[in-house]
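Listing of structure.csv; format and content: CSV, C-alpha atoms.
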```
chain,number,residue,atom,x,y,z
L,682,MET,CA,18.0,-62.0,111.0
L,683,SER,CA,19.2,-60.2,107.9
L,684,LYS,CA,22.7,-58.6,107.9
L,685,LYS,CA,22.7,-54.9,108.8
L,686,ILE,CA,23.3,-52.8,105.7
L,687,SER,CA,25.6,-49.7,105.9
L,688,THR,CA,25.2,-48.1,102.4
L,689,ILE,CA,22.4,-47.8,99.9
L,690,GLY,CA,22.0,-45.9,96.6
L,691,VAL,CA,19.0,-44.0,95.1
L,692,LEU,CA,18.4,-43.0,91.5
L,693,THR,CA,15.6,-41.7,89.3
L,694,SER,CA,15.1,-43.2,85.8
L,695,GLY,CA,12.9,-42.7,82.8
L,696,GLY,CA,10.5,-39.7,82.5
L,697,ASP,CA,10.6,-37.3,85.4
L,698,ALA,CA,7.5,-36.9,87.5
L,699,PRO,CA,6.5,-34.3,90.2
L,700,GLY,CA,7.1,-35.8,93.6
L,701,MET,CA,10.4,-37.6,92.7
L,702,ASN,CA,12.3,-35.2,94.9
L,703,ALA,CA,10.0,-35.9,97.8
L,704,ALA,CA,10.8,-39.6,97.4
L,705,ILE,CA,14.6,-39.0,97.2
L,706,ARG,CA,14.4,-36.8,100.3
L,707,SER,CA,12.5,-39.5,102.2
L,708,VAL,CA,15.0,-42.2,101.2
L,709,VAL,CA,17.9,-40.1,102.3
L,710,ARG,CA,16.5,-38.9,105.6
L,711,THR,CA,15.0,-42.3,106.6
L,712,ALA,CA,18.3,-44.0,105.8
L,713,ILE,CA,20.4,-41.5,107.7
L,714,SER,CA,18.1,-41.8,110.7
L,715,LYS,CA,19.0,-45.5,110.7
L,716,GLY,CA,22.7,-44.9,110.5
L,717,ILE,CA,22.9,-45.8,106.8
L,718,LYS,CA,25.0,-43.9,104.3
L,719,VAL,CA,23.2,-42.9,101.1
L,720,MET,CA,24.8,-42.5,97.6
L,721,GLY,CA,23.0,-40.5,95.0
L,722,VAL,CA,23.2,-41.7,91.4
L,723,ARG,CA,22.9,-38.9,88.8
L,724,LYS,CA,21.2,-39.5,85.5
L,725,GLY,CA,19.7,-42.9,86.2
L,726,TYR,CA,21.2,-46.1,84.9
L,727,ASN,CA,23.5,-44.1,82.7
L,728,GLY,CA,25.1,-42.5,85.8
L,729,LEU,CA,25.2,-45.8,87.5
L,730,ILE,CA,27.3,-47.4,84.7
L,731,ASN,CA,29.6,-44.4,84.5
L,732,GLY,CA,30.1,-43.9,88.2
L,733,ASP,CA,28.4,-40.5,88.5
L,734,ILE,CA,27.7,-41.1,92.1
L,735,PHE,CA,28.1,-39.0,95.3
L,736,GLU,CA,27.4,-39.2,99.0
L,737,MET,CA,24.2,-37.5,100.1
L,738,ASN,CA,23.3,-36.0,103.5
L,739,THR,CA,20.3,-34.3,105.0
L,740,LYS,CA,21.4,-30.9,103.5
L,741,SER,CA,21.5,-32.5,100.0
L,742,VAL,CA,17.7,-32.8,100.1
L,743,SER,CA,16.9,-29.6,102.0
L,744,ASP,CA,14.4,-27.3,100.3
L,745,THR,CA,13.6,-29.9,97.6
L,746,ILE,CA,10.2,-31.4,98.5
L,747,GLN,CA,8.4,-28.5,96.7
L,748,ARG,CA,10.5,-28.8,93.5
L,749,GLY,CA,9.3,-30.5,90.4
L,750,GLY,CA,11.6,-32.6,88.2
L,751,THR,CA,14.4,-34.6,89.9
L,752,ILE,CA,17.5,-33.3,91.6
L,753,LEU,CA,19.3,-36.5,90.6
L,754,GLN,CA,18.4,-35.9,87.0
L,755,THR,CA,17.3,-38.7,84.6
L,756,ALA,CA,18.4,-40.0,81.3
L,757,ARG,CA,17.8,-42.8,78.8
L,758,CYS,CA,20.5,-45.5,78.7
L,759,ALA,CA,20.8,-47.8,75.7
L,760,GLN,CA,23.8,-49.5,77.2
L,761,PHE,CA,21.9,-50.6,80.2
L,762,MET,CA,19.6,-52.6,77.9
L,763,THR,CA,22.5,-55.0,77.3
L,764,GLU,CA,23.8,-57.7,79.6
L,765,ASP,CA,27.2,-56.1,79.5
L,766,GLY,CA,25.8,-52.8,80.6
L,767,GLN,CA,23.8,-54.4,83.4
L,768,ARG,CA,26.9,-56.2,84.7
L,769,LYS,CA,28.8,-52.9,84.7
L,770,ALA,CA,26.0,-51.2,86.7
L,771,ALA,CA,26.0,-54.0,89.2
L,772,GLU,CA,29.8,-53.9,89.6
L,773,MET,CA,29.6,-50.1,90.1
L,774,CYS,CA,27.2,-50.7,93.0
L,775,ARG,CA,29.8,-52.9,94.6
L,776,VAL,CA,32.6,-50.4,93.8
L,777,PHE,CA,30.7,-47.7,95.8
L,778,GLY,CA,29.8,-50.2,98.5
L,779,MET,CA,26.0,-50.0,97.8
L,780,GLU,CA,24.3,-53.0,99.4
L,781,GLY,CA,20.9,-51.9,98.2
L,782,LEU,CA,19.4,-49.6,95.6
L,783,VAL,CA,16.2,-47.6,95.5
L,784,VAL,CA,14.9,-47.1,91.9
L,785,ILE,CA,12.3,-44.4,91.3
L,786,GLY,CA,10.6,-44.6,87.9
L,787,GLY,CA,8.1,-46.3,85.6
L,788,ASP,CA,7.9,-49.8,84.2
L,789,GLY,CA,11.2,-49.6,82.3
L,790,SER,CA,13.0,-48.5,85.4
L,791,LEU,CA,11.4,-51.4,87.3
L,792,GLN,CA,12.6,-53.8,84.7
L,793,GLY,CA,16.1,-52.5,85.2
L,794,ALA,CA,15.8,-53.0,89.0
L,795,GLU,CA,14.8,-56.6,88.3
L,796,LYS,CA,17.9,-57.1,86.2
L,797,LEU,CA,20.2,-55.8,88.9
L,798,SER,CA,18.4,-58.0,91.5
L,799,LYS,CA,19.4,-61.0,89.4
L,800,LEU,CA,23.0,-59.9,89.6
L,801,GLY,CA,23.0,-59.8,93.4
L,802,ILE,CA,22.0,-56.1,94.1
L,803,ASN,CA,19.1,-55.7,96.5
L,804,THR,CA,16.7,-53.5,94.7
L,805,ILE,CA,13.4,-51.8,95.7
L,806,GLY,CA,11.3,-49.9,93.1
L,807,ILE,CA,9.1,-46.9,93.7
L,808,PRO,CA,6.5,-46.2,91.0
L,809,GLY,CA,7.1,-42.7,89.6
L,810,THR,CA,5.2,-41.9,86.4
L,811,ILE,CA,2.6,-39.4,85.5
L,812,ASP,CA,0.7,-41.9,83.3
L,813,LEU,CA,-0.6,-44.1,86.2
L,814,ASP,CA,0.2,-47.1,84.0
L,815,ILE,CA,1.7,-49.6,86.5
L,816,ALA,CA,-0.9,-52.2,87.1
L,817,CYS,CA,0.0,-53.3,90.6
L,818,THR,CA,-0.7,-49.9,92.2
L,819,ASP,CA,-3.7,-47.6,92.4
L,820,TYR,CA,-1.3,-44.6,92.5
L,821,THR,CA,1.9,-43.6,90.9
L,822,ILE,CA,4.0,-40.5,91.9
L,823,GLY,CA,3.4,-37.5,89.7
L,824,PHE,CA,-0.1,-38.5,88.4
L,825,ASP,CA,-2.1,-36.1,90.7
L,826,THR,CA,0.1,-33.1,89.8
L,827,ALA,CA,0.0,-33.9,86.1
L,828,VAL,CA,-3.8,-34.1,86.1
L,829,ASN,CA,-4.2,-30.8,88.0
L,830,THR,CA,-1.8,-29.1,85.6
L,831,ALA,CA,-3.9,-30.4,82.7
L,832,MET,CA,-7.1,-29.4,84.4
L,833,GLU,CA,-5.9,-25.8,84.9
L,834,ALA,CA,-4.7,-25.5,81.3
L,835,ILE,CA,-8.0,-26.9,80.0
L,836,ASN,CA,-10.0,-24.4,82.1
L,837,LYS,CA,-8.2,-21.6,80.4
L,838,ILE,CA,-8.6,-23.1,76.9
L,839,ARG,CA,-12.3,-23.6,77.6
L,840,ASP,CA,-12.8,-19.9,78.6
L,841,THR,CA,-11.6,-18.7,75.2
L,842,SER,CA,-13.3,-21.5,73.4
L,843,THR,CA,-16.6,-20.5,74.9
L,844,SER,CA,-16.1,-16.8,74.0
L,845,HIS,CA,-15.6,-17.7,70.3
L,846,GLU,CA,-18.1,-20.7,70.2
L,847,ARG,CA,-15.2,-22.9,69.1
L,848,CYS,CA,-14.6,-26.6,69.3
L,849,SER,CA,-11.4,-27.4,71.2
L,850,ILE,CA,-9.4,-30.6,71.1
L,851,VAL,CA,-6.9,-30.8,74.0
L,852,GLU,CA,-4.3,-33.5,73.8
L,853,VAL,CA,-2.8,-34.6,77.1
L,854,MET,CA,0.0,-37.1,77.8
L,855,GLY,CA,-0.6,-40.8,77.9
L,856,ARG,CA,0.9,-42.9,75.1
L,857,HIS,CA,-0.5,-46.2,76.2
L,858,SER,CA,-2.7,-45.1,79.1
L,859,GLY,CA,-5.8,-42.9,79.0
L,860,TYR,CA,-6.0,-42.0,82.7
L,861,ILE,CA,-4.8,-38.4,82.5
L,862,ALA,CA,-7.3,-37.9,79.6
L,863,LEU,CA,-10.2,-39.6,81.5
L,864,TRP,CA,-9.7,-37.8,84.7
L,865,SER,CA,-9.3,-34.5,82.9
L,866,ALA,CA,-12.4,-35.1,80.8
L,867,ILE,CA,-14.5,-35.7,84.0
L,868,SER,CA,-12.9,-32.8,85.9
L,869,ASN,CA,-13.3,-30.3,83.0
L,870,GLY,CA,-16.7,-31.4,81.8
L,871,ALA,CA,-15.6,-32.5,78.4
L,872,GLU,CA,-18.1,-33.6,75.8
L,873,MET,CA,-15.9,-36.4,74.6
L,874,VAL,CA,-12.8,-38.3,75.6
L,875,LEU,CA,-10.5,-40.3,73.3
L,876,ILE,CA,-8.2,-42.9,75.0
L,877,PRO,CA,-6.0,-45.7,73.7
L,878,GLU,CA,-7.9,-48.3,75.6
L,879,LYS,CA,-11.2,-47.6,73.7
L,880,GLU,CA,-11.9,-47.7,69.9
L,881,ARG,CA,-11.8,-44.2,68.5
L,882,PRO,CA,-15.1,-43.0,67.0
L,883,SER,CA,-14.9,-42.2,63.3
L,884,ASP,CA,-14.6,-38.6,62.2
L,885,GLU,CA,-18.2,-38.8,61.0
L,886,GLU,CA,-19.4,-40.0,64.4
L,887,ILE,CA,-17.5,-37.2,66.2
L,888,VAL,CA,-18.9,-34.6,63.8
L,889,LYS,CA,-22.5,-35.9,64.3
L,890,GLU,CA,-22.1,-35.6,68.1
L,891,ILE,CA,-20.8,-32.0,67.8
L,892,LEU,CA,-23.7,-31.0,65.6
L,893,GLU,CA,-26.2,-32.6,67.9
L,894,SER,CA,-24.7,-30.7,70.9
L,895,LYS,CA,-25.0,-27.5,68.9
L,896,LYS,CA,-28.7,-28.1,68.3
L,897,LYS,CA,-29.1,-28.5,72.1
L,898,GLY,CA,-27.7,-25.0,72.6
L,899,LYS,CA,-24.1,-25.7,73.5
L,900,LYS,CA,-21.8,-22.8,72.8
L,901,HIS,CA,-18.6,-24.9,72.6
L,902,PHE,CA,-17.5,-28.5,72.3
L,903,LEU,CA,-14.5,-29.9,74.3
L,904,ILE,CA,-12.7,-33.1,73.3
L,905,ILE,CA,-9.9,-34.5,75.5
L,906,ALA,CA,-7.5,-36.9,73.7
L,907,ALA,CA,-4.7,-39.0,75.0
L,908,GLU,CA,-1.5,-38.6,73.0
L,909,GLY,CA,-1.6,-42.3,72.2
L,910,VAL,CA,-4.7,-41.7,70.1
L,911,GLY,CA,-2.9,-39.1,68.0
L,912,GLY,CA,-4.1,-37.1,65.1
L,913,SER,CA,-5.5,-34.2,67.1
L,914,GLU,CA,-4.5,-31.5,64.6
L,915,GLN,CA,-5.8,-33.5,61.7
L,916,LEU,CA,-9.1,-34.1,63.5
L,917,ALA,CA,-9.4,-30.4,64.2
L,918,LYS,CA,-9.1,-29.6,60.5
L,919,LYS,CA,-11.6,-32.3,59.6
L,920,ILE,CA,-14.2,-31.0,62.1
L,921,GLU,CA,-13.9,-27.4,60.9
L,922,GLU,CA,-14.1,-28.5,57.3
L,923,LEU,CA,-17.3,-30.6,57.8
L,924,THR,CA,-19.1,-28.3,60.3
L,925,GLY,CA,-17.9,-24.8,59.6
L,926,ILE,CA,-17.2,-24.5,63.4
L,927,GLU,CA,-13.9,-22.9,64.2
L,928,THR,CA,-11.8,-25.7,65.7
L,929,ARG,CA,-8.5,-25.6,67.5
L,930,ALA,CA,-6.1,-28.4,68.7
L,931,SER,CA,-4.0,-27.7,71.8
L,932,ILE,CA,-1.2,-30.1,72.7
L,933,LEU,CA,-0.2,-29.7,76.3
L,934,GLY,CA,2.9,-31.9,76.1
L,935,HIS,CA,5.7,-31.7,78.7
L,936,LEU,CA,3.9,-28.9,80.5
L,937,GLN,CA,2.3,-31.7,82.4
L,938,ARG,CA,5.6,-33.1,83.7
L,939,GLY,CA,6.7,-29.9,85.5
L,940,GLY,CA,5.5,-27.9,88.4
L,941,SER,CA,5.5,-28.1,92.2
L,942,PRO,CA,4.1,-31.5,93.2
L,943,SER,CA,0.7,-31.6,94.9
L,944,ALA,CA,0.2,-32.5,98.5
L,945,LEU,CA,-0.9,-36.0,97.4
L,946,ASP,CA,2.2,-36.6,95.4
L,947,ARG,CA,4.4,-35.3,98.2
L,948,LEU,CA,2.7,-37.5,100.8
L,949,HIS,CA,2.7,-40.8,98.8
L,950,ALA,CA,6.3,-40.2,97.6
L,951,SER,CA,7.5,-39.6,101.2
L,952,MET,CA,5.7,-42.7,102.5
L,953,MET,CA,7.0,-44.9,99.7
L,954,GLY,CA,10.6,-43.6,100.1
L,955,ALA,CA,10.6,-44.4,103.8
L,956,ILE,CA,9.1,-47.9,103.2
L,957,ALA,CA,11.7,-48.6,100.5
L,958,VAL,CA,14.5,-48.1,103.1
L,959,GLU,CA,12.7,-50.3,105.6
L,960,LEU,CA,12.4,-53.1,103.1
L,961,LEU,CA,16.1,-52.9,102.3
L,962,CYS,CA,16.9,-53.0,106.0
L,963,GLU,CA,14.8,-56.2,106.2
L,964,GLY,CA,17.0,-57.8,103.5
L,965,LYS,CA,14.2,-57.6,100.8
L,966,SER,CA,15.0,-57.3,97.1
L,967,ASN,CA,13.3,-57.2,93.8
L,968,ARG,CA,10.2,-55.6,95.3
L,969,VAL,CA,8.1,-52.7,94.1
L,970,ILE,CA,6.1,-50.6,96.5
L,971,ALA,CA,2.4,-50.0,95.7
L,972,TYR,CA,-0.5,-48.1,97.1
L,973,ARG,CA,-3.5,-50.4,96.8
L,974,ASP,CA,-6.9,-50.4,98.5
L,975,GLY,CA,-5.8,-47.6,100.8
L,976,LYS,CA,-2.7,-49.4,102.0
L,977,TYR,CA,1.1,-49.4,101.2
L,978,VAL,CA,2.1,-52.9,100.1
L,979,ASP,CA,4.9,-54.4,98.1
L,980,PHE,CA,5.0,-56.9,95.2
L,981,ASP,CA,7.7,-59.0,93.5
L,982,ILE,CA,8.7,-56.9,90.5
L,983,ASN,CA,8.3,-59.8,88.1
L,984,GLU,CA,4.8,-60.4,89.4
L,985,ALA,CA,4.0,-56.6,89.2
L,986,LEU,CA,5.2,-56.3,85.6
L,987,GLN,CA,3.1,-59.2,84.4
L,988,MET,CA,-0.1,-57.5,85.7
L,989,LYS,CA,-2.2,-55.7,83.0
L,990,LYS,CA,-3.5,-52.2,83.6
L,991,THR,CA,-7.1,-51.7,82.4
L,992,ILE,CA,-9.1,-48.6,82.2
L,993,ASN,CA,-11.7,-48.0,85.0
L,994,GLU,CA,-14.9,-48.9,83.1
L,995,LYS,CA,-17.2,-47.3,85.7
L,996,MET,CA,-15.2,-44.0,85.3
L,997,TYR,CA,-15.4,-44.2,81.5
L,998,GLU,CA,-19.2,-44.9,81.7
L,999,VAL,CA,-19.7,-41.9,84.0
L,1000,SER,CA,-17.6,-39.6,81.7
L,1001,LYS,CA,-20.1,-40.4,78.9
L,1002,ILE,CA,-23.1,-39.9,81.0
L,1003,LEU,CA,-21.9,-36.5,82.3
L,1004,SER,CA,-21.1,-35.3,78.7
L,1005,LEU,CA,-24.8,-35.4,77.7
```
Please lay out the structure from this file as structure tokens.
Amino acid sequence: MSKKISTIGVLTSGGDAPGMNAAIRSVVRTAISKGIKVMGVRKGYNGLINGDIFEMNTKSVSDTIQRGGTILQTARCAQFMTEDGQRKAAEMCRVFGMEGLVVIGGDGSLQGAEKLSKLGINTIGIPGTIDLDIACTDYTIGFDTAVNTAMEAINKIRDTSTSHERCSIVEVMGRHSGYIALWSAISNGAEMVLIPEKERPSDEEIVKEILESKKKGKKHFLIIAAEGVGGSEQLAKKIEELTGIETRASILGHLQRGGSPSALDRLHASMMGAIAVELLCEGKSNRVIAYRDGKYVDFDINEALQMKKTINEKMYEVSKILSL
């Protein structure tokens, strides 16, 4: 039987994602219900190294589940990329008596958790990233809210685009992953989606498709592009130059990171936070929680990081069929 733990820590790292606060809240309240003290780490690994740590209670997380961003804040930390920085972070865990640490963030955050695990700190990762780019899980906290935010913005852009018979290029987030773009394209009825996982059509091919759609009587043309594809403004200029159709590029940017989390993000974040505490109580370490095939499971972080995320080919095929 594993030794009963008395104190754990929780931090958020990397890019913020709607639902992180729900995960923090769940970690804090689940731990306290088991008689475990919870230390909050401000500003991710940077705060861990610098001892920006405080004790949390149930009131610390009251009225937070509906808030976007992260109440613990987040920051990049170049020092933590070094072995010296990692040792300082592990030592700070010991200074504050933290026998376990819950890390909420993306793949870079999980890599950090794995480093701390090697230094003797029990770590559990929760996948929090709007990009849905962690291969071991079907769901990452923040994705649903980000997609809905993008969908609502695109709806508004499409209204004005139709009124002026324009072509609109809307760039959504996703440097290496096209899932926000793909889901938005299907949800908004886009005529074309450009994602990093697929070869980008040439400007001439794109223009040809626009002109063919115009011949069919379409009053507007909507292209959804992931930021990893890039060149949205240049493409807009090229389309207008070659077709004479007024074309606008809209880059949604960090708008997609904010906002009150959806019910789905709140639910998964709450469940994952509770499971993270349970795993630490069982003496587990170097694990990441995943939602896969309708169940909450956990993987070794090393194993999880070696998995490769691929685009859903069926979904991509359907997006092309529905754009006809």
Counting all atoms listed in the file, which of L:Gly939, L:Gly721, L:Gly801, L:Gly806 gets nearest to Ile734 in chain L?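 Smallest separation from Ile734 in chain L among the options: L:Gly721.
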Proximity to Gly781 in chain L - best of L:Ala712, L:Ala816, L:Val851, L:Leu961, all atoms listed in the file: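 Under the stated criterion, the closest residue is L:Leu961.
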With distances taken over only C-alpha atoms, which of L:Thr991, L:Thr826, L:Gln754, L:Ser741 is nearest to Ser865 in chain L?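 Once distances to Ser865 in chain L are computed over only C-alpha atoms, the minimum belongs to L:Thr826.
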Just give me the residues with any atom within 12 Å of (13.9, -43.3, 83.8), file coordinates, counting all atoms listed in the file, written as a count of residues only. 40
Option closest in space to Glu908 in chain L, from L:Ser894, L:Ser858, L:Thr804, L:Gln937 [counting only C-alpha atoms]: L:Ser858
Quick one: residues within 8 Å of Ile876 in chain L, only C-alpha atoms counted, chain neighbours fewer than 5 positions away excluded, as a list of chain:residue names?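 Selected residues are L:Ser858, L:Gly859, L:Ala862, L:Leu863, L:Arg881, L:Ala906, L:Ala907, L:Gly909, L:Val910.
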State, in Å with one decimal place, the distance from CA of Leu916 in chain L to CA of Ser1004 in chain L.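 That distance, rounded to one decimal, is 19.4 Å.
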List the residues sitting within 12 Å of (-6.6, -36.6, 66.9) in the file's frame, using all atoms listed in the file, as a compact mmCIF listing (two decimals) with C-alpha atoms, in the frame of the given file.
```txt
# COMPACT_ATOMS: atom_id res chain seq x y z
CA SER L 849 -11.40 -27.40 71.20
CA ILE L 850 -9.40 -30.60 71.10
CA VAL L 851 -6.90 -30.80 74.00
CA GLU L 852 -4.30 -33.50 73.80
CA VAL L 853 -2.80 -34.60 77.10
CA VAL L 874 -12.80 -38.30 75.60
CA LEU L 875 -10.50 -40.30 73.30
CA ILE L 876 -8.20 -42.90 75.00
CA PRO L 877 -6.00 -45.70 73.70
CA ARG L 881 -11.80 -44.20 68.50
CA PRO L 882 -15.10 -43.00 67.00
CA SER L 883 -14.90 -42.20 63.30
CA ASP L 884 -14.60 -38.60 62.20
CA ILE L 887 -17.50 -37.20 66.20
CA ILE L 904 -12.70 -33.10 73.30
CA ILE L 905 -9.90 -34.50 75.50
CA ALA L 906 -7.50 -36.90 73.70
CA ALA L 907 -4.70 -39.00 75.00
CA GLU L 908 -1.50 -38.60 73.00
CA GLY L 909 -1.60 -42.30 72.20
CA VAL L 910 -4.70 -41.70 70.10
CA GLY L 911 -2.90 -39.10 68.00
CA GLY L 912 -4.10 -37.10 65.10
CA SER L 913 -5.50 -34.20 67.10
CA GLU L 914 -4.50 -31.50 64.60
CA GLN L 915 -5.80 -33.50 61.70
CA LEU L 916 -9.10 -34.10 63.50
CA ALA L 917 -9.40 -30.40 64.20
CA LYS L 918 -9.10 -29.60 60.50
CA LYS L 919 -11.60 -32.30 59.60
CA ILE L 920 -14.20 -31.00 62.10
CA ARG L 929 -8.50 -25.60 67.50
CA ALA L 930 -6.10 -28.40 68.70
CA SER L 931 -4.00 -27.70 71.80
CA ILE L 932 -1.20 -30.10 72.70
```
If we count all atoms listed in the file, what is near Gly732 in chain L at a cut-off of 9 Å, once residues fewer than 3 positions away on the same chain are taken out, given as a compact mmCIF listing (two decimals) with C-alpha atoms, keeping the file's coordinate frame?
```
# COMPACT_ATOMS: atom_id res chain seq x y z
CA VAL L 722 23.20 -41.70 91.40
CA ARG L 723 22.90 -38.90 88.80
CA ASN L 727 23.50 -44.10 82.70
CA GLY L 728 25.10 -42.50 85.80
CA LEU L 729 25.20 -45.80 87.50
CA PHE L 735 28.10 -39.00 95.30
CA ALA L 770 26.00 -51.20 86.70
CA MET L 773 29.60 -50.10 90.10
CA CYS L 774 27.20 -50.70 93.00
CA VAL L 776 32.60 -50.40 93.80
CA PHE L 777 30.70 -47.70 95.80
```
CA of Thr739 in chain L to CA of Lys685 in chain L measures 21.1 Å
Could you jot down the CA of Thr688 in chain L to CA of Met720 in chain L separation for me, Å, one decimal place?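 Pair CA of Thr688 in chain L / CA of Met720 in chain L returns 7.4 Å.
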Pick from L:Thr821, L:Ser707, L:Asn803, L:Thr843 nearest to Ile861 in chain L, counting only C-alpha atoms: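 Between L:Thr821, L:Ser707, L:Asn803, L:Thr843, the residue approaching Ile861 in chain L most closely is L:Thr821.
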Report as a PyMOL selection string all protein, DNA and RNA residues lying within 12 Å of Ala957 in chain L, evaluated on all atoms listed in the file, omitting residues in the same chain fewer than 4 positions from it. chain L and resi 689-691+704-705+707-712+781-785+803-808+950-953+961-971+977-980
Given only C-alpha atoms as the counted atoms, nearest of L:Lys995, L:Lys879, L:Lys718, L:Lys895 to Arg847 in chain L: L:Lys895
